[in-house]
file final.cif (mmCIF, C-alpha atoms)
data_model
loop_
_atom_site.label_atom_id
_atom_site.label_comp_id
_atom_site.auth_asym_id
_atom_site.auth_seq_id
_atom_site.Cartn_x
_atom_site.Cartn_y
_atom_site.Cartn_z
CA MET A 1 88.50 80.87 106.31
CA THR A 2 90.72 79.04 103.87
CA ALA A 3 91.51 80.87 100.64
CA LYS A 4 92.29 78.77 97.59
CA SER A 5 93.06 81.32 94.88
CA LEU A 6 93.02 85.04 94.22
CA THR A 7 92.92 85.97 90.55
CA PRO A 8 92.48 89.38 88.96
CA MET A 9 89.86 89.77 86.23
CA LEU A 10 90.65 92.50 83.70
CA THR A 11 87.72 94.09 81.94
CA VAL A 12 88.36 94.71 78.26
CA LYS A 13 86.44 96.10 75.28
CA ASP A 14 86.96 92.95 73.20
CA ALA A 15 88.15 89.75 74.83
CA ALA A 16 89.30 88.15 71.56
CA ALA A 17 91.55 91.10 70.75
CA ALA A 18 92.86 91.21 74.31
CA ILE A 19 93.67 87.50 74.30
CA ALA A 20 95.67 87.99 71.08
CA PHE A 21 97.51 90.95 72.58
CA TYR A 22 98.43 89.12 75.80
CA ARG A 23 99.66 86.16 73.73
CA ASP A 24 101.88 88.39 71.59
CA ALA A 25 103.02 90.63 74.44
CA PHE A 26 103.59 88.15 77.25
CA GLY A 27 103.23 84.68 75.77
CA ALA A 28 99.91 84.20 77.58
CA VAL A 29 98.04 81.00 76.77
CA GLU A 30 94.28 80.59 76.91
CA ARG A 31 93.20 77.94 79.40
CA GLU A 32 89.42 78.32 79.46
CA ARG A 33 86.84 80.38 77.65
CA ALA A 34 83.15 80.75 78.47
CA THR A 35 80.58 82.81 76.61
CA ALA A 36 77.54 84.04 78.53
CA PRO A 37 74.07 83.97 76.95
CA THR A 38 74.55 87.72 76.45
CA GLY A 39 77.63 87.02 74.30
CA HIS A 40 80.08 88.32 76.88
CA VAL A 41 83.29 86.34 77.05
CA VAL A 42 85.19 85.34 80.20
CA ALA A 43 88.55 83.72 79.48
CA LYS A 44 91.22 82.42 81.81
CA LEU A 45 94.77 83.09 80.61
CA ALA A 46 98.12 82.18 82.07
CA ILE A 47 101.61 83.65 81.66
CA ASP A 48 104.04 80.89 82.61
CA GLY A 49 101.30 79.42 84.79
CA LEU A 50 100.39 82.77 86.44
CA GLN A 51 96.67 83.15 85.93
CA PHE A 52 94.39 86.06 85.20
CA PHE A 53 91.05 86.52 83.48
CA VAL A 54 89.91 88.81 80.72
CA VAL A 55 86.24 89.68 80.71
CA ASP A 56 84.24 91.56 78.14
CA GLU A 57 82.91 94.89 79.27
CA ASN A 58 79.31 94.86 80.44
CA PRO A 59 78.10 98.02 82.16
CA ASP A 60 75.19 96.32 83.94
CA PRO A 61 77.26 94.55 86.58
CA PHE A 62 79.72 97.49 86.66
CA ASN A 63 82.32 95.75 84.51
CA LEU A 64 84.08 98.61 82.78
CA SER A 65 87.31 98.80 80.85
CA PRO A 66 89.97 101.47 81.42
CA ARG A 67 89.04 102.98 78.04
CA SER A 68 85.49 103.54 79.22
CA LEU A 69 86.46 104.83 82.65
CA ASN A 70 89.40 106.84 81.33
CA GLY A 71 91.76 105.32 83.88
CA THR A 72 92.53 102.13 85.68
CA THR A 73 92.16 101.25 89.33
CA VAL A 74 94.40 98.17 89.56
CA ARG A 75 97.85 97.66 88.07
CA MET A 76 99.37 94.31 87.20
CA ASN A 77 102.84 93.80 88.65
CA LEU A 78 104.68 91.31 86.44
CA VAL A 79 108.11 90.09 87.52
CA VAL A 80 110.17 88.49 84.75
CA ASP A 81 113.76 87.52 84.12
CA ASP A 82 114.41 90.22 81.50
CA PRO A 83 112.11 93.23 81.90
CA ASP A 84 113.79 95.18 79.08
CA ALA A 85 113.00 92.44 76.58
CA THR A 86 109.46 91.87 77.89
CA ALA A 87 108.58 95.57 77.85
CA ALA A 88 109.95 95.88 74.31
CA GLN A 89 107.91 92.85 73.23
CA ALA A 90 104.76 94.35 74.78
CA VAL A 91 105.29 97.65 72.99
CA GLY A 92 105.90 95.73 69.77
CA ALA A 93 102.55 93.99 70.29
CA GLY A 94 100.72 97.29 70.70
CA ALA A 95 101.27 98.53 74.28
CA SER A 96 102.32 102.11 74.96
CA GLU A 97 105.18 102.98 77.25
CA ILE A 98 104.21 104.89 80.40
CA PHE A 99 107.76 104.98 81.72
CA PRO A 100 110.80 103.14 80.38
CA VAL A 101 112.46 100.20 82.09
CA ALA A 102 115.20 101.57 84.36
CA ASP A 103 116.82 100.95 87.72
CA GLN A 104 114.36 102.36 90.26
CA PRO A 105 115.15 103.76 93.73
CA TYR A 106 112.88 101.11 95.31
CA GLY A 107 115.19 98.27 94.34
CA MET A 108 113.61 97.10 91.10
CA ARG A 109 114.60 97.36 87.48
CA GLN A 110 111.14 98.24 86.24
CA GLY A 111 109.09 100.00 83.61
CA ARG A 112 105.41 100.48 82.97
CA VAL A 113 103.31 100.01 79.86
CA ALA A 114 99.61 100.46 79.11
CA ASP A 115 98.01 97.71 77.07
CA PRO A 116 95.57 98.49 74.24
CA ASP A 117 92.63 98.44 76.68
CA GLY A 118 94.40 100.82 79.04
CA HIS A 119 95.39 98.32 81.74
CA HIS A 120 98.76 99.19 83.24
CA TRP A 121 101.49 96.59 83.58
CA LEU A 122 104.57 97.08 85.72
CA ILE A 123 107.32 94.94 84.24
CA GLY A 124 110.39 94.41 86.36
CA LYS A 125 112.73 92.33 88.43
CA PRO A 126 114.58 92.88 91.69
CA LEU A 127 117.86 94.72 91.16
CA ASP A 128 119.70 92.13 93.24
CA ASP A 129 118.44 89.32 91.01
CA MET B 130 110.69 85.07 78.80
CA THR B 131 110.32 83.53 82.24
CA ALA B 132 107.66 85.06 84.45
CA LYS B 133 108.18 84.84 88.21
CA SER B 134 105.07 86.47 89.66
CA LEU B 135 101.98 88.40 88.66
CA THR B 136 100.42 90.41 91.45
CA PRO B 137 97.57 92.91 91.29
CA MET B 138 98.07 96.33 92.87
CA LEU B 139 94.87 97.94 94.13
CA THR B 140 94.82 101.71 94.30
CA VAL B 141 93.11 103.03 97.42
CA LYS B 142 92.36 106.41 98.97
CA ASP B 143 94.07 105.54 102.25
CA ALA B 144 96.34 102.52 102.46
CA ALA B 145 96.22 102.30 106.26
CA ALA B 146 92.42 102.13 106.25
CA ALA B 147 92.44 99.61 103.40
CA ILE B 148 94.95 97.37 105.19
CA ALA B 149 92.68 97.36 108.26
CA PHE B 150 89.65 96.53 106.12
CA TYR B 151 91.36 93.64 104.30
CA ARG B 152 92.53 92.28 107.67
CA ASP B 153 89.02 92.36 109.12
CA ALA B 154 87.27 91.20 105.94
CA PHE B 155 89.62 88.51 104.66
CA GLY B 156 92.23 87.93 107.35
CA ALA B 157 94.89 89.60 105.19
CA VAL B 158 98.28 90.04 106.80
CA GLU B 159 100.73 92.80 105.98
CA ARG B 160 104.03 91.47 104.67
CA GLU B 161 105.84 94.62 103.55
CA ARG B 162 105.21 98.33 103.66
CA ALA B 163 107.16 101.08 101.93
CA THR B 164 106.50 104.80 102.07
CA ALA B 165 107.66 106.95 99.15
CA PRO B 166 109.29 110.34 99.76
CA THR B 167 105.92 111.80 98.71
CA GLY B 168 104.25 109.97 101.61
CA HIS B 169 102.47 107.48 99.38
CA VAL B 170 102.29 103.98 100.83
CA VAL B 171 102.79 100.70 98.95
CA ALA B 172 102.03 97.64 101.05
CA LYS B 173 102.13 93.96 100.20
CA LEU B 174 99.35 91.93 101.80
CA ALA B 175 98.54 88.24 101.71
CA ILE B 176 95.34 86.27 102.26
CA ASP B 177 96.41 82.75 103.18
CA GLY B 178 99.61 83.36 101.24
CA LEU B 179 97.84 84.84 98.17
CA GLN B 180 99.49 88.17 97.57
CA PHE B 181 98.26 91.56 96.43
CA PHE B 182 99.36 95.15 96.95
CA VAL B 183 97.53 98.21 98.14
CA VAL B 184 98.87 101.51 96.89
CA ASP B 185 97.88 105.01 97.87
CA GLU B 186 96.23 107.01 95.17
CA ASN B 187 98.53 109.37 93.31
CA PRO B 188 97.09 110.97 90.18
CA ASP B 189 100.49 111.81 88.66
CA PRO B 190 101.36 108.27 87.57
CA PHE B 191 97.68 107.53 86.83
CA ASN B 192 97.10 105.64 90.09
CA LEU B 193 93.43 106.21 90.79
CA SER B 194 91.02 104.51 93.14
CA PRO B 195 87.55 103.31 92.15
CA ARG B 196 86.07 106.10 94.24
CA SER B 197 87.88 108.69 92.15
CA LEU B 198 87.13 107.02 88.82
CA ASN B 199 83.57 106.11 89.81
CA GLY B 200 84.08 102.50 88.77
CA THR B 201 86.61 99.74 88.75
CA THR B 202 88.39 98.10 85.84
CA VAL B 203 89.64 94.90 87.49
CA ARG B 204 87.77 92.57 89.82
CA MET B 205 89.39 90.28 92.35
CA ASN B 206 88.22 86.68 92.14
CA LEU B 207 88.65 85.08 95.56
CA VAL B 208 87.98 81.37 95.95
CA VAL B 209 87.44 80.21 99.52
CA ASP B 210 86.07 77.21 101.35
CA ASP B 211 82.94 78.97 102.65
CA PRO B 212 81.91 81.91 100.46
CA ASP B 213 78.76 82.64 102.48
CA ALA B 214 80.81 83.14 105.65
CA THR B 215 83.53 85.15 103.91
CA ALA B 216 81.07 87.47 102.17
CA ALA B 217 79.23 88.02 105.46
CA GLN B 218 82.51 88.79 107.20
CA ALA B 219 83.44 91.29 104.45
CA VAL B 220 80.08 93.04 104.77
CA GLY B 221 80.51 93.10 108.53
CA ALA B 222 83.88 94.79 108.02
CA GLY B 223 82.38 97.50 105.81
CA ALA B 224 81.93 96.09 102.31
CA SER B 225 78.65 96.49 100.46
CA GLU B 226 76.91 93.61 98.75
CA ILE B 227 76.65 93.88 94.96
CA PHE B 228 74.93 90.53 94.60
CA PRO B 229 74.37 87.87 97.29
CA VAL B 230 76.20 84.56 97.43
CA ALA B 231 74.13 82.01 95.50
CA ASP B 232 74.53 79.01 93.21
CA GLN B 233 75.37 80.52 89.81
CA PRO B 234 74.63 79.00 86.38
CA TYR B 235 78.37 79.00 85.59
CA GLY B 236 79.11 76.36 88.20
CA MET B 237 80.18 78.49 91.14
CA ARG B 238 78.56 79.35 94.42
CA GLN B 239 79.51 83.00 94.33
CA GLY B 240 78.61 86.52 95.39
CA ARG B 241 80.12 89.93 94.86
CA VAL B 242 80.93 92.73 97.30
CA ALA B 243 82.44 96.17 96.87
CA ASP B 244 85.05 97.12 99.44
CA PRO B 245 85.10 100.61 101.01
CA ASP B 246 87.37 101.88 98.21
CA GLY B 247 85.05 100.51 95.54
CA HIS B 248 87.14 97.49 94.48
CA HIS B 249 84.91 94.56 93.62
CA TRP B 250 85.55 91.10 95.06
CA LEU B 251 83.95 87.98 93.71
CA ILE B 252 83.78 85.47 96.57
CA GLY B 253 83.01 81.92 95.65
CA LYS B 254 83.83 78.26 95.30
CA PRO B 255 83.13 75.65 92.65
CA LEU B 256 79.71 74.06 93.09
CA ASP B 257 81.24 70.60 92.81
CA ASP B 258 83.65 71.33 95.65
#
call {"tool": "encode", "arguments": {"input": "final.cif", "output": "structure tokens"}}
result
Amino acid sequence: MTAKSLTPMLTVKDAAAAIAFYRDAFGAVERERATAPTGHVVAKLAIDGLQFFVVDENPDPFNLSPRSLNGTTVRMNLVVDDPDATAAQAVGAGASEIFPVADQPYGMRQGRVADPDGHHWLIGKPLDD
Amino acid sequence: MTAKSLTPMLTVKDAAAAIAFYRDAFGAVERERATAPTGHVVAKLAIDGLQFFVVDENPDPFNLSPRSLNGTTVRMNLVVDDPDATAAQAVGAGASEIFPVADQPYGMRQGRVADPDGHHWLIGKPLDD
């Protein structure tokens, strides 16, 4: 087997709102957008070239957002040059702080925020960076 | 802001079992493993160099597996050279088929499986590949 790419797809309540949030929070740009006959949107975004998808919630194929499930099963681990500034920008764009950015015992300066859909983002950098 | 990496972290019931499954299903190799003082494991895996983490479930910081939440909020989109073979290998390793690999109207040959923890993996390749 040869693997070409591995990209997380985040289920959200409203893709348009999520795309705006990720733009404001992380500078994400929209690279592709497709709308299914059902009206559900799948969009490919990138933060400095690092890709992920946002997908409208659709219970039929088990695509549920953290708001609907009341929790999230996958976190996004984002490494940046200045986690304090990025976490502050995300909170300014509408995220809520789960824990503040601080030097962690596991060798990262890192915090965690929840985005408006309830997806959790770890925002950090190695302490030796 | 400069972003360095964006890596999904999949919460699982038992990291050791999940690592074995991802090895058998997708040829994932273990690159790092850390065990917290609480006993919770965080391991970095890679499929042909494409990285993701598995993390033991720990309700305190809201780290829940799909089995506990009864659903999953993020899918993993894996692009490979032979999706039929990869999906069959995943099912052989213990995944369950959600929908079979087939030519899809959105231009991919793609199927979907759920791994033993309930994480969903899209396995496909572009039809024009």
call {"tool": "atom_distance", "arguments": {"input": "final.cif", "atom1": "CA of Asp84 in chain A", "atom2": "CA of His120 in chain A"}}
result
16.1 Å
call {"tool": "resolve_selection", "arguments": {"input": "final.cif", "expression": "the PyMOL selection byres ((chain B) within 9 of (chain A))", "output": "tab-separated table (two decimals) with C-alpha atoms, keeping the file's coordinate frame"}}
result
chain	number	residue	atom	x	y	z
B	130	MET	CA	110.69	85.07	78.80
B	131	THR	CA	110.32	83.53	82.24
B	132	ALA	CA	107.66	85.06	84.45
B	133	LYS	CA	108.18	84.84	88.21
B	134	SER	CA	105.07	86.47	89.66
B	135	LEU	CA	101.98	88.40	88.66
B	136	THR	CA	100.42	90.41	91.45
B	137	PRO	CA	97.57	92.91	91.29
B	138	MET	CA	98.07	96.33	92.87
B	139	LEU	CA	94.87	97.94	94.13
B	140	THR	CA	94.82	101.71	94.30
B	141	VAL	CA	93.11	103.03	97.42
B	155	PHE	CA	89.62	88.51	104.66
B	156	GLY	CA	92.23	87.93	107.35
B	163	ALA	CA	107.16	101.08	101.93
B	165	ALA	CA	107.66	106.95	99.15
B	176	ILE	CA	95.34	86.27	102.26
B	177	ASP	CA	96.41	82.75	103.18
B	178	GLY	CA	99.61	83.36	101.24
B	179	LEU	CA	97.84	84.84	98.17
B	180	GLN	CA	99.49	88.17	97.57
B	181	PHE	CA	98.26	91.56	96.43
B	190	PRO	CA	101.36	108.27	87.57
B	191	PHE	CA	97.68	107.53	86.83
B	192	ASN	CA	97.10	105.64	90.09
B	193	LEU	CA	93.43	106.21	90.79
B	194	SER	CA	91.02	104.51	93.14
B	195	PRO	CA	87.55	103.31	92.15
B	198	LEU	CA	87.13	107.02	88.82
B	199	ASN	CA	83.57	106.11	89.81
B	200	GLY	CA	84.08	102.50	88.77
B	201	THR	CA	86.61	99.74	88.75
B	202	THR	CA	88.39	98.10	85.84
B	203	VAL	CA	89.64	94.90	87.49
B	204	ARG	CA	87.77	92.57	89.82
B	205	MET	CA	89.39	90.28	92.35
B	206	ASN	CA	88.22	86.68	92.14
B	207	LEU	CA	88.65	85.08	95.56
B	208	VAL	CA	87.98	81.37	95.95
B	209	VAL	CA	87.44	80.21	99.52
B	210	ASP	CA	86.07	77.21	101.35
B	211	ASP	CA	82.94	78.97	102.65
B	212	PRO	CA	81.91	81.91	100.46
B	214	ALA	CA	80.81	83.14	105.65
B	215	THR	CA	83.53	85.15	103.91
B	227	ILE	CA	76.65	93.88	94.96
B	235	TYR	CA	78.37	79.00	85.59
B	248	HIS	CA	87.14	97.49	94.48
B	254	LYS	CA	83.83	78.26	95.30
call {"tool": "atom_distance", "arguments": {"input": "final.cif", "atom1": "CA of Ile148 in chain B", "atom2": "CA of His169 in chain B"}}
result
13.9 Å
call {"tool": "atom_distance", "arguments": {"input": "final.cif", "atom1": "CA of Leu174 in chain B", "atom2": "CA of Pro229 in chain B"}}
result
25.7 Å
call {"tool": "closest_residue", "arguments": {"input": "final.cif", "among": "A:Arg31, A:Met108, A:Ala25, A:Ala43", "to": "Ser96 in chain A", "atoms": "all atoms listed in the file"}}
result
A:Ala25
call {"tool": "closest_residue", "arguments": {"input": "final.cif", "among": "A:Asp129, A:Asp14, A:Asp60, A:Asp24", "to": "Gly94 in chain A", "atoms": "all atoms listed in the file"}}
result
A:Asp24
call {"tool": "resolve_selection", "arguments": {"input": "final.cif", "expression": "the PyMOL selection byres ((chain B and resi 224) around 6)", "output": "list in words"}}
result
Ala219, Val220, Gly223, Ser225, Ala243, Asp244 and Pro245 of chain B
call {"tool": "decode", "arguments": {"input": "final.cif", "residues": "range 175-238 of chain B", "atoms": "C-alpha atoms", "output": "compact mmCIF listing (two decimals), in the first residue's frame"}}
result
# COMPACT_ATOMS: atom_id res chain seq x y z
CA ALA B 175 2.59 7.32 10.77
CA ILE B 176 1.15 5.69 7.66
CA ASP B 177 3.77 6.11 4.94
CA GLY B 178 5.00 9.18 6.79
CA LEU B 179 1.49 10.67 7.29
CA GLN B 180 1.20 11.32 10.99
CA PHE B 181 -1.59 11.04 13.52
CA PHE B 182 -1.83 10.43 17.24
CA VAL B 183 -3.76 7.93 19.28
CA VAL B 184 -4.61 9.00 22.80
CA ASP B 185 -6.17 7.01 25.59
CA GLU B 186 -9.59 8.13 26.63
CA ASN B 187 -9.66 10.37 29.69
CA PRO B 188 -12.99 12.04 30.44
CA ASP B 189 -11.48 14.80 32.58
CA PRO B 190 -10.05 16.84 29.71
CA PHE B 191 -12.98 15.85 27.47
CA ASN B 192 -11.04 13.16 25.61
CA LEU B 193 -13.71 10.69 24.59
CA SER B 194 -13.72 7.85 22.11
CA PRO B 195 -16.44 7.27 19.53
CA ARG B 196 -17.55 4.22 21.50
CA SER B 197 -18.21 6.38 24.55
CA LEU B 198 -19.89 9.19 22.62
CA ASN B 199 -21.77 6.81 20.32
CA GLY B 200 -20.57 8.65 17.24
CA THR B 201 -17.60 10.42 15.80
CA THR B 202 -17.12 14.08 14.98
CA VAL B 203 -14.11 13.90 12.65
CA ARG B 204 -13.47 11.46 9.82
CA MET B 205 -10.06 10.52 8.50
CA ASN B 206 -9.72 10.85 4.74
CA LEU B 207 -7.02 8.44 3.57
CA VAL B 208 -5.95 8.52 -0.07
CA VAL B 209 -4.08 5.43 -1.25
CA ASP B 210 -3.06 3.79 -4.49
CA ASP B 211 -5.47 0.84 -4.17
CA PRO B 212 -8.49 1.64 -2.00
CA ASP B 213 -10.13 -1.75 -2.60
CA ALA B 214 -7.11 -3.57 -1.20
CA THR B 215 -6.66 -1.17 1.72
CA ALA B 216 -10.33 -1.31 2.73
CA ALA B 217 -10.25 -5.12 2.55
CA GLN B 218 -7.11 -5.18 4.68
CA ALA B 219 -8.75 -2.88 7.26
CA VAL B 220 -11.83 -5.10 7.45
CA GLY B 221 -9.57 -8.13 7.79
CA ALA B 222 -7.87 -6.40 10.72
CA GLY B 223 -11.19 -5.76 12.49
CA ALA B 224 -12.82 -2.70 10.91
CA SER B 225 -16.45 -2.78 9.85
CA GLU B 226 -17.60 -1.59 6.45
CA ILE B 227 -19.85 1.48 6.48
CA PHE B 228 -20.11 1.62 2.70
CA PRO B 229 -18.16 -0.43 0.14
CA VAL B 230 -15.44 0.97 -2.09
CA ALA B 231 -17.08 2.13 -5.33
CA ASP B 232 -16.84 4.86 -7.95
CA GLN B 233 -18.51 7.88 -6.33
CA PRO B 234 -20.29 10.75 -8.11
CA TYR B 235 -17.82 13.22 -6.56
CA GLY B 236 -14.91 11.86 -8.57
CA MET B 237 -13.36 9.44 -6.11
CA ARG B 238 -13.24 5.70 -5.91
